[in-house]
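*Asks:* Before anything else, here's the structure in question.
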Amino acid sequence: MTKPPLAVGTARADDFDELARLLGHLFHAPPDPEAHEIERALFEPERTLLVRDGGEVVATARAFTRELTVPGARVPAAHVSGVGVAPTHRRRGLLTQLMVRQLRQVRDEGREPVAVLWASEGGIYPRFGYGLAAQRLSVQCATVALRMPDPTPAEGRLRLAAPADCRAELARVYDRVRPERPGWSSRDEAWWRYVLSDQADRRGGATERRAVLHEGPDGVDGYGLFRTRANWESTGPNGITTVDEVVTATPAAYAAMWQMLLSLDLTGQLSYGAGAVDEPLLRLVNEPRRLGAQLIDALWLRVVDVPAALAARRYATGVDVVIEVTDDLLPENAGRWHLSGGPERAACAPTDRPAELACDVRCLGELYLGGAGLAALAAAGRVRELRPGALAGAGPAFGWHRAPAGMDVF
């Protein structure tokens, strides 16, 4: 028998507990009352879609209202999260219904030209127009053989603190640095509470999270968040340092922070999963290979409104090009668009001029934060050059002086 279609609806505030239970099952997370209440403060029921079958929630997708740093600007962006379908209801098209409905909702509301997400599986979201916009550098290393230049004491000092006791200082540093790093998201009080949450049963035997702050001539200009775990072997101590975030506004703060993190007493291993592709650490240590660095996907981005999105960011060099875009899910994006601009301004409008480049909307998502090269996408057959020289002329404009990065997983 063919099962009847199930309708997509919008959540209410009192649906949170049921949705949290479903997502806990889907992502194999045990119940955690403290985390549950922290996440409740982030819940936006009007931006949460769900599907019920016989009164039971069997599928859901949500979005958070946050701002995203993009090259040269900050834009409103739908931060998509909590996407899942119960194992009893797979292969019924529910995920497709949710994602298409969500994109249409974001587009029709007209506030956010792009949507972003972290993908549990990278193969899921390209079919909905999401492109890999930012990668992250993961470091897993033995620290015993790594050396860094000695810090200059006159340039500042480090101090340890409990994160909860210095949250205002952390936020000031983050807000100072964030405009320069494409891919970073805004954090209000509720999001800082989420980022700094530190439930004991999720530490895996490690200590509570600690903060280290760097004080420069003008006050606190950098911080790191980390924890340690004791590990004793027959040859002696080999503890593990896990670094969650390093945010610094000056080279002196960055170097001093990593000098300390790589040399904590009784430790011999370090793990850091939130680095950027252009992480300065690669240029500071004496033997970069020993960092064990790996590139992993981070932010996936979906351009929801092509002209608004392309006009919202800035470009590294002058650009004047006509791009033909295809979009199977949001037909308003399809067509030829005249993009012009540079480091100070940008404009994008429909045009009847002949197209010089052609790509699908997913490619625009990969280009949007400045992390993917236009020529590299063309070499992969993802972008077509319709006018000779168009790739060389437009390619540098889509880059940026800082690589995009994704830090807090939402």
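By order in the structure tokens, chains are A, B, ...; within a chain, residues start at 1; ligands start at 1, following the order shown.
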Mind running stretch 2-52 of chain A against stretch 73-97 of chain A at 8 Å and telling me each contacting residue's nearest atom pair with the distance in Å (one decimal), counting only C-alpha atoms, chain and number ascending, as a tab-separated table?
*Replies:*
```
residue	atom	partner	partner_atom	distance
A:Leu6	CA	A:Leu94	CA	8.0
A:Val8	CA	A:Gln97	CA	7.3
A:Leu22	CA	A:Ala86	CA	7.3
A:Leu23	CA	A:Gly82	CA	6.8
A:Leu26	CA	A:Gly84	CA	6.8
A:Val51	CA	A:Leu94	CA	7.8
```
*Asks:* Residues of stretch 53-90 of chain A in strand (DSSP E) according to DSSP, as a VMD selection string?
*Replies:* chain A and resid 53 56 to 70 73 to 85
*Asks:* Where in stretch 25-82 of chain A does DSSP assign helix (DSSP H, G or I), given as number ranges by chain?
*Replies:* A: 25-26, 33-40, 45-47
*Asks:* Can I get the selected residues back with N, CA and C atoms, as a tab-separated table (two decimals), in the first residue's frame?
*Replies:*
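Okay, this is what ended up in part_34.tsv:
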```tsv
chain	number	residue	atom	x	y	z
A	25	HIS	N	17.92	11.11	19.81
A	25	HIS	CA	17.96	9.75	19.25
A	25	HIS	C	18.73	9.73	17.93
A	26	LEU	N	18.46	10.71	17.07
A	26	LEU	CA	19.06	10.70	15.74
A	26	LEU	C	20.57	10.92	15.78
A	33	PRO	N	20.02	17.29	31.00
A	33	PRO	CA	19.09	18.36	31.40
A	33	PRO	C	19.70	19.75	31.31
A	34	GLU	N	20.97	19.90	31.68
A	34	GLU	CA	21.59	21.23	31.64
A	34	GLU	C	21.72	21.73	30.20
A	35	ALA	N	22.22	20.89	29.32
A	35	ALA	CA	22.34	21.27	27.91
A	35	ALA	C	20.96	21.53	27.31
A	36	HIS	N	19.99	20.76	27.73
A	36	HIS	CA	18.61	20.89	27.23
A	36	HIS	C	18.09	22.30	27.49
A	37	GLU	N	18.33	22.83	28.67
A	37	GLU	CA	17.82	24.16	29.01
A	37	GLU	C	18.61	25.26	28.30
A	38	ILE	N	19.90	25.04	28.11
A	38	ILE	CA	20.70	26.02	27.37
A	38	ILE	C	20.21	26.11	25.93
A	39	GLU	N	19.92	24.97	25.33
A	39	GLU	CA	19.46	24.94	23.95
A	39	GLU	C	18.03	25.47	23.83
A	40	ARG	N	17.24	25.34	24.89
A	40	ARG	CA	15.87	25.87	24.84
A	40	ARG	C	15.89	27.38	24.60
A	45	PRO	N	10.73	28.72	17.57
A	45	PRO	CA	9.68	27.83	17.03
A	45	PRO	C	9.16	28.26	15.67
A	46	GLU	N	9.06	29.56	15.45
A	46	GLU	CA	8.55	30.03	14.17
A	46	GLU	C	9.48	29.71	13.00
A	47	ARG	N	10.73	29.36	13.30
A	47	ARG	CA	11.70	29.00	12.27
A	47	ARG	C	12.01	27.50	12.30
```
*Asks:* What's the separation between atom CA of A:Leu310 and atom CA of A:Ala276, in Å to one decimal place?
*Replies:*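 These two atoms are separated by 23.4 Å.
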*Asks:* Residues of stretch 177-222 of chain A within 10 Å of stretch 154-169 of chain A: nearest atom pair and distance (Å, one decimal) for each, counting only C-alpha atoms, sorted by chain and number, as JSON lines?
*Replies:*
```
{"residue": "A:Glu189", "atom": "CA", "partner": "A:Arg167", "partner_atom": "CA", "distance": 9.4}
{"residue": "A:Trp192", "atom": "CA", "partner": "A:Arg167", "partner_atom": "CA", "distance": 7.8}
{"residue": "A:Arg193", "atom": "CA", "partner": "A:Ala164", "partner_atom": "CA", "distance": 8.7}
{"residue": "A:Leu196", "atom": "CA", "partner": "A:Pro163", "partner_atom": "CA", "distance": 7.0}
{"residue": "A:Ser197", "atom": "CA", "partner": "A:Ala164", "partner_atom": "CA", "distance": 9.1}
{"residue": "A:Asp198", "atom": "CA", "partner": "A:Pro163", "partner_atom": "CA", "distance": 9.9}
{"residue": "A:Glu208", "atom": "CA", "partner": "A:Ala162", "partner_atom": "CA", "distance": 9.0}
{"residue": "A:Arg209", "atom": "CA", "partner": "A:Pro163", "partner_atom": "CA", "distance": 7.3}
{"residue": "A:Arg210", "atom": "CA", "partner": "A:Ala162", "partner_atom": "CA", "distance": 5.5}
{"residue": "A:Ala211", "atom": "CA", "partner": "A:Ala161", "partner_atom": "CA", "distance": 5.2}
{"residue": "A:Val212", "atom": "CA", "partner": "A:Leu160", "partner_atom": "CA", "distance": 4.5}
{"residue": "A:Leu213", "atom": "CA", "partner": "A:Arg159", "partner_atom": "CA", "distance": 5.4}
{"residue": "A:His214", "atom": "CA", "partner": "A:Leu158", "partner_atom": "CA", "distance": 4.6}
{"residue": "A:Glu215", "atom": "CA", "partner": "A:Gly156", "partner_atom": "CA", "distance": 5.3}
{"residue": "A:Gly216", "atom": "CA", "partner": "A:Gly156", "partner_atom": "CA", "distance": 4.4}
{"residue": "A:Pro217", "atom": "CA", "partner": "A:Gly156", "partner_atom": "CA", "distance": 6.6}
{"residue": "A:Asp218", "atom": "CA", "partner": "A:Gly156", "partner_atom": "CA", "distance": 9.5}
{"residue": "A:Gly219", "atom": "CA", "partner": "A:Gly156", "partner_atom": "CA", "distance": 9.0}
{"residue": "A:Val220", "atom": "CA", "partner": "A:Glu169", "partner_atom": "CA", "distance": 7.1}
{"residue": "A:Asp221", "atom": "CA", "partner": "A:Glu169", "partner_atom": "CA", "distance": 9.0}
{"residue": "A:Gly222", "atom": "CA", "partner": "A:Glu169", "partner_atom": "CA", "distance": 9.1}
```
*Asks:* Would you save the residues of that selection, restricted to C-alpha atoms, as a PDB file, in the first residue's frame?
*Replies:*
```
ATOM      1  CA  GLU A 189      24.232  36.238  25.351  1.00  0.00           C
ATOM      2  CA  TRP A 192      27.783  32.680  24.461  1.00  0.00           C
ATOM      3  CA  ARG A 193      26.076  30.586  27.089  1.00  0.00           C
ATOM      4  CA  LEU A 196      30.771  28.097  26.970  1.00  0.00           C
ATOM      5  CA  SER A 197      28.506  25.335  28.300  1.00  0.00           C
ATOM      6  CA  ASP A 198      30.632  22.660  29.933  1.00  0.00           C
ATOM      7  CA  GLU A 208      36.648  21.693  33.113  1.00  0.00           C
ATOM      8  CA  ARG A 209      37.231  24.179  30.298  1.00  0.00           C
ATOM      9  CA  ARG A 210      39.708  26.944  31.065  1.00  0.00           C
ATOM     10  CA  ALA A 211      40.328  30.325  29.482  1.00  0.00           C
ATOM     11  CA  VAL A 212      43.695  31.953  28.930  1.00  0.00           C
ATOM     12  CA  LEU A 213      43.683  35.663  28.150  1.00  0.00           C
ATOM     13  CA  HIS A 214      46.442  37.771  26.654  1.00  0.00           C
ATOM     14  CA  GLU A 215      46.771  41.308  27.934  1.00  0.00           C
ATOM     15  CA  GLY A 216      48.524  43.643  25.527  1.00  0.00           C
ATOM     16  CA  PRO A 217      49.337  47.349  25.834  1.00  0.00           C
ATOM     17  CA  ASP A 218      45.680  48.269  25.248  1.00  0.00           C
ATOM     18  CA  GLY A 219      44.054  45.533  27.350  1.00  0.00           C
ATOM     19  CA  VAL A 220      42.860  42.020  26.544  1.00  0.00           C
ATOM     20  CA  ASP A 221      43.556  41.312  22.870  1.00  0.00           C
ATOM     21  CA  GLY A 222      43.312  37.533  22.688  1.00  0.00           C
TER      22      GLY A 222
END
```
*Asks:* Please, what distance in Å, to one decimal, runs between atom CA of A:Ala390 and atom CA of A:Tyr130?
*Replies:* 24.3 Å
*Asks:* Which residues are close to A:Trp337, i.e. within 6 Å by only C-alpha atoms, leaving aside same-chain residues fewer than 5 positions away? Reply as a list in words.
*Replies:* Val322, Ile323, Ala349, Pro350 and Thr351 of chain A
*Asks:* Export C-alpha atoms of the chosen residues as a short mmCIF file (atom, residue, chain, number, x, y, z; two decimals), in the first residue's frame?
*Replies:*
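Written output follows (selection39.cif):
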```cif
data_model
loop_
_atom_site.label_atom_id
_atom_site.label_comp_id
_atom_site.auth_asym_id
_atom_site.auth_seq_id
_atom_site.Cartn_x
_atom_site.Cartn_y
_atom_site.Cartn_z
CA VAL A 322 27.87 38.46 -16.40
CA ILE A 323 27.15 35.10 -14.78
CA ALA A 349 21.22 43.02 -11.35
CA PRO A 350 19.51 40.97 -14.06
CA THR A 351 20.76 41.60 -17.57
#
```
*Asks:* Please provide as a PyMOL selection string all residues within 9 Å of stretch 172-178 of chain A, with the sequence filter that same-chain residues fewer than 5 positions apart are discarded (counting only C-alpha atoms).
*Replies:* chain A and resi 69+167+183-187+220-223+247-249
*Asks:* Please provide as a CSV table (one decimal) with C-alpha atoms, in the first residue's frame all residues within 7 Å of stretch 261-263 of chain A, with the sequence filter that same-chain residues fewer than 3 positions apart are discarded (counting only C-alpha atoms).
*Replies:*
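This is the output file result.csv:
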```csv
chain,number,residue,atom,x,y,z
A,143,THR,CA,54.1,18.4,21.2
A,257,MET,CA,48.8,31.8,23.3
A,258,TRP,CA,50.2,28.9,21.3
```
*Asks:* Neighbouring residues of A:Arg402 were defined as those with any atom within 10 Å, considering only C-alpha atoms; residues of the same chain fewer than 2 positions away were excluded. Please report them as a PyMOL selection string.
*Replies:* chain A and resi 71+180-182+276-279+369-371+399-400+404-405
*Asks:* With C-alpha atoms kept, could you save the residues just selected as a PDB file, in the first residue's frame?
*Replies:*
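Once written, part.pdb looks like this:
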```pdb
ATOM      1  CA  PRO A  71      34.212  39.187   2.654  1.00  0.00           C
ATOM      2  CA  GLU A 180      37.894  40.150   9.577  1.00  0.00           C
ATOM      3  CA  ARG A 181      37.103  36.437   9.440  1.00  0.00           C
ATOM      4  CA  PRO A 182      34.536  35.268   6.852  1.00  0.00           C
ATOM      5  CA  ALA A 276      41.568  28.084   9.581  1.00  0.00           C
ATOM      6  CA  VAL A 277      43.195  27.089   6.301  1.00  0.00           C
ATOM      7  CA  ASP A 278      45.570  30.049   6.694  1.00  0.00           C
ATOM      8  CA  GLU A 279      46.299  29.262  10.363  1.00  0.00           C
ATOM      9  CA  LEU A 369      33.120  33.291   1.403  1.00  0.00           C
ATOM     10  CA  GLY A 370      36.271  33.500  -0.686  1.00  0.00           C
ATOM     11  CA  GLY A 371      37.541  30.009   0.067  1.00  0.00           C
ATOM     12  CA  GLY A 399      39.086  35.617  -3.151  1.00  0.00           C
ATOM     13  CA  TRP A 400      39.770  37.486   0.068  1.00  0.00           C
ATOM     14  CA  PRO A 404      36.987  31.638   5.599  1.00  0.00           C
ATOM     15  CA  ALA A 405      36.632  29.515   8.707  1.00  0.00           C
TER      16      ALA A 405
END
```
*Asks:* Between atom CA of A:Arg21 and atom CA of A:Glu44, what is the spacing in Å?
*Replies:*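 Separating atom CA of A:Glu44 from atom CA of A:Arg21 is a distance of 16.6 Å.
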*Asks:* Pick out the residues sitting within 12 Å of stretch 10-13 of chain A, and hand them over as a PDB file with C-alpha atoms, in the first residue's frame; count only C-alpha atoms, and ignore anything fewer than 5 positions along from it in its own chain.
*Replies:*
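Once written, selection.pdb looks like this:
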```
ATOM      1  CA  GLU A  18       9.667  16.418  21.874  1.00  0.00           C
ATOM      2  CA  LEU A  19      11.947  17.779  19.151  1.00  0.00           C
ATOM      3  CA  ARG A  40      15.875  25.868  24.845  1.00  0.00           C
ATOM      4  CA  ALA A  41      16.966  29.522  25.031  1.00  0.00           C
ATOM      5  CA  LEU A  42      18.085  29.307  21.387  1.00  0.00           C
ATOM      6  CA  PHE A  43      14.885  27.710  20.114  1.00  0.00           C
ATOM      7  CA  GLU A  44      12.957  29.731  17.521  1.00  0.00           C
ATOM      8  CA  PRO A  45       9.681  27.829  17.031  1.00  0.00           C
ATOM      9  CA  GLU A  46       8.548  30.034  14.167  1.00  0.00           C
ATOM     10  CA  ARG A  47      11.702  28.996  12.267  1.00  0.00           C
ATOM     11  CA  THR A  48      11.378  25.303  13.089  1.00  0.00           C
ATOM     12  CA  LEU A  49       9.642  22.927  10.700  1.00  0.00           C
ATOM     13  CA  LEU A  50       8.336  19.521  11.690  1.00  0.00           C
ATOM     14  CA  VAL A  51       6.427  16.563  10.356  1.00  0.00           C
ATOM     15  CA  ARG A  52       4.032  14.537  12.505  1.00  0.00           C
ATOM     16  CA  VAL A  57       7.193  14.160  15.460  1.00  0.00           C
ATOM     17  CA  ALA A  59      11.131  14.775  11.038  1.00  0.00           C
ATOM     18  CA  THR A  60      12.353  18.309  11.647  1.00  0.00           C
ATOM     19  CA  ALA A  61      14.598  21.140  10.442  1.00  0.00           C
ATOM     20  CA  ARG A  62      15.240  24.465  12.127  1.00  0.00           C
ATOM     21  CA  ALA A  63      17.016  27.752  11.523  1.00  0.00           C
ATOM     22  CA  LEU A  98      11.697  20.059   4.805  1.00  0.00           C
ATOM     23  CA  ARG A 101      10.061  24.341   2.361  1.00  0.00           C
ATOM     24  CA  GLN A 102      12.774  25.946   4.472  1.00  0.00           C
ATOM     25  CA  GLN A 105      10.448  30.297   3.569  1.00  0.00           C
TER      26      GLN A 105
END
```
*Asks:* Just checking: using only C-alpha atoms, which residue out of A:Pro126, A:Gly342, A:Gly55, A:Gly365 ends up closest to A:Asp305?
*Replies:*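 So, comparing all the options, the nearest one is A:Gly365.
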*Asks:* Counting only C-alpha atoms, which of A:Gly406, A:Gly318, A:Pro149, A:Gly54 gets nearest to A:Arg283?
*Replies:*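 Of all the options, A:Pro149 lies closest to A:Arg283.
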*Asks:* Hey, which of A:Val321, A:Ala134, A:Ala145, A:Leu266 ends up closest to A:Leu295? Count only C-alpha atoms.
*Replies:* A:Ala134
*Asks:* Pick the closest to A:Ala252 from A:Leu374, A:Ala380, A:Met99, A:Leu284: which is it, counting only C-alpha atoms?
*Replies:*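 Of the candidates, the smallest distance to A:Ala252 is held by A:Leu284.
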*Asks:* Considering only C-alpha atoms, state which residue in the set A:Glu344, A:Glu332, A:Asp15, A:Asp188 is at the smallest distance from A:Arg104.
*Replies:*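 Of the candidates, the smallest distance to A:Arg104 is held by A:Glu332.
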*Asks:* So, with only C-alpha atoms as the atoms that count, which of A:Val106, A:Cys359, A:Val303, A:Ala394 lies closest to A:Phe128?
*Replies:*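 Closest to A:Phe128 of all the choices is A:Val303.
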